[in-house]
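*Asks:* This is the structure, below, for whatever I ask next.
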Amino acid sequence: MKKKVLLMGASGSGKTSMRSLIFSNNPASLTSRLGATIDVEQNHVRFLGDLILNLWDCGGQDSFMDSYLTTQRPTIFQQVGVMIYVFDIESREPGKDMEYYRDCLDGLRYYSPDAAIFLLLHKMDLVRDPQQALEKRRQELEEVSGDATISVFGTTIFDQTLYKAWSSIVHTLIPNAGILSKHLSIFAQACGATEVILFERTTFLVVATSSSGSGVASSAVPTYTKDGADHQLEPTRYERTSELIKAFKYTCSRVREEFHTLELDLHEFSAILDELTKNTYVLVILHDPTIETAAVKLNIRLARNKFETLQADSLV
Amino acid sequence: MASNYISYDATASNQRPQRPLLNGTRRSSSVQRTKVLFLGLRRSGKTSIQSVLFKDMPPKQTFYIETTMRITKYPIDTVVPLELWDTPGNATPESIGIPIGQFRSLIFVIDIRDLYNQPITKLVDFVTAAYQSNPDINIEVFVHKSEKLQEDDKIENFRQIQERVTDRLLDLAPEYEGVQPNFYLTSVYDHSLHEAFSRVLHKLIDSLPYLEDMLNVFCANSQSPKAFLFDTKSRLYVATDASPVDSATHNLCCDYLEMLTSFGTLYKSASASPPRHIQPTGPNAPSSSSANGTSSTSSPTASTDALPQRSRKPNKEMFYPSAATSLHPATPGTTLTYHAITSSLALLALVPTAVYEGRRGLLEYNVVFFREGVQEICDVEKETREGG
Ligand SMILES: Nc1nc2c(ncn2[C@@H]2O[C@H](COP(=O)(O)OP(=O)(O)OP(=O)(O)O)[C@@H](O)[C@H]2O)c(=O)[nH]1
Ligand SMILES: Nc1nc2c(ncn2[C@@H]2O[C@H](COP(=O)(O)OP(=O)(O)OP(=O)(O)O)[C@@H](O)[C@H]2O)c(=O)[nH]1
Ligand SMILES: [Mg+2]
Ligand SMILES: [Mg+2]
């Protein structure tokens, strides 16, 4: 199954940078070497096996934008699954950005009325009060977008916010992520785990978690455990895990090694991060000290086939 | 360094000669701190270096550091208690307030793009002031902000600065031939700073040879090609085995430590009612590693929750955190292990995955042996510092 993902926004807003972080495991420090994208760069990215993301990274210089909105209009806006519009929060021409966005929205509504729309207010690291800047711009964008349903995220390539936004984006493309979540929660109970999180293998974006039926939805909800104790966990833990593991994968690649598994036995909790299926990694979090990590590892091995099947089903 | 001691001999360390520090004023109530003086021209990066190393300041934030107006002393608790003296760019030997000979190390920070004579003149002033009373003083030169230059220019400037410093000292008087400054390329933006400061620190650790011996023994017995003893908070390595340190491996260990520290905070339960109890990993429990074998016979499945329970008595006191990451999907691969040794030290070791998975008991036993030795050294070290 192929899904077309449009990546749009002004030149220099950071589209190619985020693509290289999420999909190519490049560090943020290397993005300054990227040149402007000429026309459209199309990329097919295999995500969860059968799901193929067809990324259209659309160069944002005015001349390109003008042609997307005129002669190339049907080509660009047809059959879009998701449009991601990136705004540089420190843009010197916010008015022009807004105008182009409105025109793209019109094109999208005409050719792909069902497409999901994600608006990323990017380079948040450059502003002093990110929360305030985000709220102000969110209101403006909601007004301009009219009755279109939009999801707005503040992001920067320098922290976990980018992973939060992208996990949410890919989540809309996995139709039956809810089923995966349900089985993760059964698995969590079987292991005596506080929480179980499923990541896509190359991007380390969160695919589903045991804690919420809808996968990546609110992570601040206390999680359920076998012994009935509620654990209030750090709300940003999913995206921060993605960021940490991605960074460590990059470190490993620098010494020509390949990150494979991780296990921790700390004062507060134990954790096991291991391959689950060909395309996914699973993170099992244990707060119950009576559980042996070796038993959990065995459980993971035994659950592999089941999840391989489930995952294939979740895409049709 | 090629000594054969495996166990730590406290008397030997107490008698090590030339401890200028012990000659200083000594109050039995407070810990004796080893003094380190930071020197360098204005904006060379002195305060940035200390903030990034010891205050967890993100490198980018150093941009907002204000210029230092007067001498500031920072007590830093690494494996040896340090007192770092930060100075303004215009400091002179006279303005420091105490004889320069009382410092164990002088760290000169020189901007790598600064090829003028001014920083070197300053360095020479301090070296002459120190040398008379303390010919053993360590002269450490950080050629800093090295990430600013391309590889070729970097090497060339580094070479030029080394040459000039050495020449100037020789010009001064032949007796300065004995002064052997150490040069390091550093930058707050990568791990070179941690590696350089680790090497500075090593010269201040009296028990270093014993720690190194113990690491050598650990490596030999665990088939480990490389092991580091890290100070977890500052991510400086306190000692390593005799095999050469390759920067890539050092960086990997630094990043691993950083990742583990961050990860540890993420899934900590803010509301868990009973404290988590964990099995002891004391010297008498090396069998904890056999868990692999026991659990496979009870074959739990994803659909049942019949899991083997821990039978051992929970005892939080004796629990030492540990972690492992395997760095290759196939078997002749490497596993990077982490074992807490004391509350502030951790052992990081590369071990063959086959050893980690197949001979876990042996590995854990070696860790316990290592831990006991290090703890003993630390205790003696502490007693000495506190004036017995
Ligand atoms: N400060 C900051 N800079 C960023 C961020 N993301 C990207 N950049 C920088 O922005 C610059 C432009 O990024 P690109 O990804 O090439 O921009 P683009 O949107 O692909 O531009 P076109 O291809 O011309 O449309 C690069 O120098 C990046 O390093 C961010 O989150 N914060
Ligand atoms: N590029 C780069 N800049 C650095 C590095 N270290 C420090 N800086 C910058 O250098 C400037 C001066 O740093 P400080 O730490 O204030 O220097 P200082 O030696 O303490 O200066 P004074 O207190 O004025 O004597 C700051 O803007 C830092 O951000 C480095 O490794 N690379
Ligand atoms: Mg681009
Ligand atoms: Mg300063």
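Scheme for the structure tokens: letters A, B, ... for chains in order shown; per-chain residue numbers from 1; ligand numbers from 1 in order shown.
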Excluding same-chain residues fewer than 5 positions from A:Glu200, what lies within 10 Å of it counting only C-alpha atoms, as a PyMOL selection string?
*Replies:* chain A and resi 47-49+167+205-208+242+275-282
*Asks:* Show me which residues are within 7 Å of ligand 3 counting only C-alpha atoms and all ligand atoms, and format the list as a PyMOL selection string.
*Replies:* chain A and resi 11-12+14-16+35-37+57+59
*Asks:* Got time to write the residues from that selection, C-alpha atoms, as a tab-separated table (two decimals), in the first residue's frame?
*Replies:*
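Just written: result.tsv:
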```tsv
chain	number	residue	atom	x	y	z
A	11	SER	CA	12.45	27.56	0.91
A	12	GLY	CA	14.74	27.19	3.91
A	14	GLY	CA	13.58	22.94	7.01
A	15	LYS	CA	11.71	20.28	4.99
A	16	THR	CA	14.69	18.41	3.64
A	35	GLY	CA	21.31	22.72	-0.68
A	36	ALA	CA	17.91	24.05	-1.73
A	37	THR	CA	15.69	21.39	-3.23
A	57	ASP	CA	9.73	16.95	-0.84
A	59	GLY	CA	11.37	22.69	-3.14
```
*Asks:* Provide the atom CA of B:Ala130 to atom CA of B:Ser105 distance in Å, to one decimal place.
*Replies:*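 Rounded to one decimal, the two atoms are 10.0 Å apart.
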*Asks:* Distance limit 9 Å, reference ligand 1, atoms considered: only C-alpha atoms and all ligand atoms. Which residues make the cut? Give them as a ChimeraX atom specification.
*Replies:* /A:7-20,28-40,57-61,86-88,122-126,155-159,162
*Asks:* Write out as a PDB file with C-alpha atoms, in the first residue's frame which residues come within 9 Å of A:Leu264 when counting only C-alpha atoms, dropping same-chain ones fewer than 5 positions away.
*Replies:*
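Done, and the output landed in part_9.pdb:
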```pdb
ATOM      1  CA  PHE A 269      12.835   0.278  36.466  1.00  0.00           C
ATOM      2  CA  SER A 270      14.089  -2.281  34.011  1.00  0.00           C
ATOM      3  CA  ALA A 271      13.724  -1.992  30.274  1.00  0.00           C
ATOM      4  CA  ILE A 272      14.295  -4.193  27.278  1.00  0.00           C
ATOM      5  CA  LEU A 273      14.484  -2.910  23.755  1.00  0.00           C
TER       6      LEU A 273
ATOM      7  CA  LEU B 260      21.589   5.829  29.664  1.00  0.00           C
ATOM      8  CA  GLY B 264      16.892   6.566  33.215  1.00  0.00           C
ATOM      9  CA  PRO B 321      22.387  -0.641  38.156  1.00  0.00           C
ATOM     10  CA  SER B 322      23.606  -2.235  34.965  1.00  0.00           C
ATOM     11  CA  ALA B 323      22.900  -2.105  31.254  1.00  0.00           C
ATOM     12  CA  ALA B 324      24.037  -3.684  28.028  1.00  0.00           C
ATOM     13  CA  THR B 325      23.622  -2.901  24.374  1.00  0.00           C
ATOM     14  CA  TYR B 338      27.605  -0.737  31.838  1.00  0.00           C
TER      15      TYR B 338
END
```
*Asks:* Looking at B:Asn134, B:Val188, B:Val141, B:Phe38, which one is nearest to ligand 2, with distances taken over only C-alpha atoms and all ligand atoms?
*Replies:* B:Val188
*Asks:* Using only C-alpha atoms and all ligand atoms, what are the residues with an atom within 10 Å of ligand 4, set out as JSON, numbers by chain?
*Replies:* {"B": [38, 39, 40, 41, 42, 43, 44, 45, 46, 47, 48, 49, 50, 51, 65, 66, 67, 68, 69, 70, 71, 72, 86, 87, 88, 89]}
*Asks:* Would you write out those residues with N, CA and C atoms, as a PDB file, in the first residue's frame?
*Replies:*
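Result file follows (out_30.pdb):
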```pdb
ATOM      1  N   PHE B  38      42.805  27.666  35.539  1.00  0.00           N
ATOM      2  CA  PHE B  38      42.486  27.907  34.126  1.00  0.00           C
ATOM      3  C   PHE B  38      43.002  29.272  33.714  1.00  0.00           C
ATOM      4  N   LEU B  39      43.742  29.317  32.627  1.00  0.00           N
ATOM      5  CA  LEU B  39      44.317  30.567  32.155  1.00  0.00           C
ATOM      6  C   LEU B  39      44.082  30.715  30.661  1.00  0.00           C
ATOM      7  N   GLY B  40      44.120  31.951  30.201  1.00  0.00           N
ATOM      8  CA  GLY B  40      43.964  32.171  28.768  1.00  0.00           C
ATOM      9  C   GLY B  40      43.448  33.566  28.521  1.00  0.00           C
ATOM     10  N   LEU B  41      43.578  34.001  27.284  1.00  0.00           N
ATOM     11  CA  LEU B  41      43.135  35.346  26.954  1.00  0.00           C
ATOM     12  C   LEU B  41      41.625  35.452  27.064  1.00  0.00           C
ATOM     13  N   ARG B  42      41.162  36.687  27.043  1.00  0.00           N
ATOM     14  CA  ARG B  42      39.735  36.977  27.064  1.00  0.00           C
ATOM     15  C   ARG B  42      39.028  36.211  25.929  1.00  0.00           C
ATOM     16  N   ARG B  43      37.906  35.641  26.242  1.00  0.00           N
ATOM     17  CA  ARG B  43      37.060  34.936  25.271  1.00  0.00           C
ATOM     18  C   ARG B  43      37.716  33.705  24.634  1.00  0.00           C
ATOM     19  N   SER B  44      38.766  33.196  25.267  1.00  0.00           N
ATOM     20  CA  SER B  44      39.371  31.996  24.695  1.00  0.00           C
ATOM     21  C   SER B  44      38.500  30.762  24.956  1.00  0.00           C
ATOM     22  N   GLY B  45      37.653  30.831  25.998  1.00  0.00           N
ATOM     23  CA  GLY B  45      36.734  29.718  26.238  1.00  0.00           C
ATOM     24  C   GLY B  45      36.875  29.036  27.587  1.00  0.00           C
ATOM     25  N   LYS B  46      37.551  29.706  28.532  1.00  0.00           N
ATOM     26  CA  LYS B  46      37.817  29.097  29.839  1.00  0.00           C
ATOM     27  C   LYS B  46      36.534  28.750  30.593  1.00  0.00           C
ATOM     28  N   THR B  47      35.662  29.729  30.698  1.00  0.00           N
ATOM     29  CA  THR B  47      34.438  29.506  31.472  1.00  0.00           C
ATOM     30  C   THR B  47      33.528  28.503  30.754  1.00  0.00           C
ATOM     31  N   SER B  48      33.510  28.567  29.432  1.00  0.00           N
ATOM     32  CA  SER B  48      32.696  27.633  28.655  1.00  0.00           C
ATOM     33  C   SER B  48      33.113  26.199  28.945  1.00  0.00           C
ATOM     34  N   ILE B  49      34.400  25.960  28.947  1.00  0.00           N
ATOM     35  CA  ILE B  49      34.908  24.602  29.160  1.00  0.00           C
ATOM     36  C   ILE B  49      34.423  24.060  30.497  1.00  0.00           C
ATOM     37  N   GLN B  50      34.538  24.875  31.542  1.00  0.00           N
ATOM     38  CA  GLN B  50      34.127  24.410  32.874  1.00  0.00           C
ATOM     39  C   GLN B  50      32.621  24.209  32.957  1.00  0.00           C
ATOM     40  N   SER B  51      31.877  25.074  32.277  1.00  0.00           N
ATOM     41  CA  SER B  51      30.417  24.962  32.343  1.00  0.00           C
ATOM     42  C   SER B  51      29.918  23.731  31.592  1.00  0.00           C
ATOM     43  N   ILE B  65      27.478  33.194  27.950  1.00  0.00           N
ATOM     44  CA  ILE B  65      28.309  33.355  29.150  1.00  0.00           C
ATOM     45  C   ILE B  65      28.930  34.747  29.169  1.00  0.00           C
ATOM     46  N   GLU B  66      28.859  35.383  30.338  1.00  0.00           N
ATOM     47  CA  GLU B  66      29.441  36.717  30.438  1.00  0.00           C
ATOM     48  C   GLU B  66      30.925  36.627  30.761  1.00  0.00           C
ATOM     49  N   THR B  67      31.620  37.686  30.406  1.00  0.00           N
ATOM     50  CA  THR B  67      33.060  37.683  30.615  1.00  0.00           C
ATOM     51  C   THR B  67      33.369  37.618  32.111  1.00  0.00           C
ATOM     52  N   THR B  68      34.428  36.904  32.458  1.00  0.00           N
ATOM     53  CA  THR B  68      34.781  36.708  33.860  1.00  0.00           C
ATOM     54  C   THR B  68      35.546  37.927  34.357  1.00  0.00           C
ATOM     55  N   MET B  69      35.076  38.507  35.451  1.00  0.00           N
ATOM     56  CA  MET B  69      35.698  39.744  35.934  1.00  0.00           C
ATOM     57  C   MET B  69      36.688  39.499  37.063  1.00  0.00           C
ATOM     58  N   ARG B  70      36.435  38.455  37.854  1.00  0.00           N
ATOM     59  CA  ARG B  70      37.382  38.175  38.948  1.00  0.00           C
ATOM     60  C   ARG B  70      37.546  36.668  39.119  1.00  0.00           C
ATOM     61  N   ILE B  71      38.564  36.301  39.849  1.00  0.00           N
ATOM     62  CA  ILE B  71      38.863  34.881  40.047  1.00  0.00           C
ATOM     63  C   ILE B  71      37.700  34.190  40.757  1.00  0.00           C
ATOM     64  N   THR B  72      37.284  33.071  40.214  1.00  0.00           N
ATOM     65  CA  THR B  72      36.177  32.325  40.806  1.00  0.00           C
ATOM     66  C   THR B  72      36.642  30.891  41.031  1.00  0.00           C
ATOM     67  N   ASP B  86      38.754  29.687  37.943  1.00  0.00           N
ATOM     68  CA  ASP B  86      38.523  30.379  36.678  1.00  0.00           C
ATOM     69  C   ASP B  86      39.067  31.793  36.831  1.00  0.00           C
ATOM     70  N   THR B  87      39.722  32.295  35.786  1.00  0.00           N
ATOM     71  CA  THR B  87      40.356  33.612  35.900  1.00  0.00           C
ATOM     72  C   THR B  87      39.904  34.540  34.783  1.00  0.00           C
ATOM     73  N   PRO B  88      40.018  35.846  35.010  1.00  0.00           N
ATOM     74  CA  PRO B  88      39.745  36.790  33.932  1.00  0.00           C
ATOM     75  C   PRO B  88      40.889  36.766  32.918  1.00  0.00           C
ATOM     76  N   GLY B  89      40.623  37.257  31.715  1.00  0.00           N
ATOM     77  CA  GLY B  89      41.636  37.227  30.657  1.00  0.00           C
ATOM     78  C   GLY B  89      42.910  37.971  31.005  1.00  0.00           C
TER      79      GLY B  89
END
```
*Asks:* Considering only C-alpha atoms, can you say which of A:Tyr250, A:Phe307, A:Phe204, A:Phe187 comes closest to chain B?
*Replies:* A:Phe187
*Asks:* Please report the interatomic distance between atom CA of B:Tyr320 and atom CA of B:Ala340 in Å with one decimal.
*Replies:* 5.5 Å
*Asks:* Taking only C-alpha atoms into account, find every residue of chain A that has an atom no more than 8 Å from chain B, and write it out as an MDAnalysis selection string.
*Replies:* chainID A and resid 186:187 189:192 229:234 236:237 240:241 244:245 248 251:252 254:255 257:269 285 287:292 294:295 298:300 302:303
*Asks:* Have a look at B:Gly97, B:Pro81, B:Pro244, B:Pro181 and name the one nearest to B:Arg385; count only C-alpha atoms.
*Replies:*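 The answer is B:Pro81, which sits nearest to B:Arg385.
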*Asks:* As number ranges by chain, please: the residues near B:Lys60 (cut-off 10 Å, only C-alpha atoms, same-chain neighbours under 3 positions excluded).
*Replies:* B: 48, 52, 57, 63-64, 188-189
*Asks:* Pull N, CA, C and O atoms from the residues just selected and write them as a PDB file, in the first residue's frame.
*Replies:*
```
ATOM      1  N   SER B  48      33.510  28.567  29.432  1.00  0.00           N
ATOM      2  CA  SER B  48      32.696  27.633  28.655  1.00  0.00           C
ATOM      3  C   SER B  48      33.113  26.199  28.945  1.00  0.00           C
ATOM      4  O   SER B  48      32.272  25.321  29.154  1.00  0.00           O
ATOM      5  N   VAL B  52      30.522  23.448  30.444  1.00  0.00           N
ATOM      6  CA  VAL B  52      30.090  22.292  29.658  1.00  0.00           C
ATOM      7  C   VAL B  52      30.477  20.991  30.367  1.00  0.00           C
ATOM      8  O   VAL B  52      29.689  20.054  30.445  1.00  0.00           O
ATOM      9  N   MET B  57      26.026  22.349  30.906  1.00  0.00           N
ATOM     10  CA  MET B  57      25.549  23.394  30.008  1.00  0.00           C
ATOM     11  C   MET B  57      25.620  22.882  28.561  1.00  0.00           C
ATOM     12  O   MET B  57      26.643  22.352  28.138  1.00  0.00           O
ATOM     13  N   PHE B  63      27.395  30.583  24.446  1.00  0.00           N
ATOM     14  CA  PHE B  63      27.338  31.860  23.751  1.00  0.00           C
ATOM     15  C   PHE B  63      26.914  32.991  24.695  1.00  0.00           C
ATOM     16  O   PHE B  63      27.332  34.130  24.553  1.00  0.00           O
ATOM     17  N   TYR B  64      26.082  32.673  25.682  1.00  0.00           N
ATOM     18  CA  TYR B  64      25.526  33.699  26.569  1.00  0.00           C
ATOM     19  C   TYR B  64      26.358  33.926  27.837  1.00  0.00           C
ATOM     20  O   TYR B  64      25.998  34.724  28.682  1.00  0.00           O
ATOM     21  N   VAL B 188      34.085  22.519  22.633  1.00  0.00           N
ATOM     22  CA  VAL B 188      32.923  22.182  23.461  1.00  0.00           C
ATOM     23  C   VAL B 188      31.867  21.433  22.652  1.00  0.00           C
ATOM     24  O   VAL B 188      30.948  20.864  23.212  1.00  0.00           O
ATOM     25  N   TYR B 189      32.014  21.443  21.319  1.00  0.00           N
ATOM     26  CA  TYR B 189      30.982  20.839  20.472  1.00  0.00           C
ATOM     27  C   TYR B 189      31.183  19.350  20.212  1.00  0.00           C
ATOM     28  O   TYR B 189      30.386  18.733  19.523  1.00  0.00           O
TER      29      TYR B 189
END
```
*Asks:* In Å, how far is it from atom CA of A:Leu108 to atom CA of A:Gln79?
*Replies:*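 Going from atom CA of A:Leu108 over to atom CA of A:Gln79 covers 9.2 Å.
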*Asks:* Where does DSSP see helix (DSSP H, G or I) in stretch 131-267 of chain A, if you list the residues as a PyMOL selection string?
*Replies:* chain A and resi 131-145+161-171+177-191+237-254
*Asks:* Between B:Leu208, B:Leu149, B:Leu347, B:Val36, which is the closest to ligand 2 once you count only C-alpha atoms and all ligand atoms?
*Replies:*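 Going through B:Leu208, B:Leu149, B:Leu347, B:Val36 one by one, the smallest distance to ligand 2 is for B:Leu149.
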*Asks:* Could you give me, as a VMD selection string, the residues within 8 Å of A:Ser210, counting only C-alpha atoms and dropping anything in the same chain fewer than 4 positions from it?
*Replies:* chain A and resid 181 to 186 188 195 to 197 215
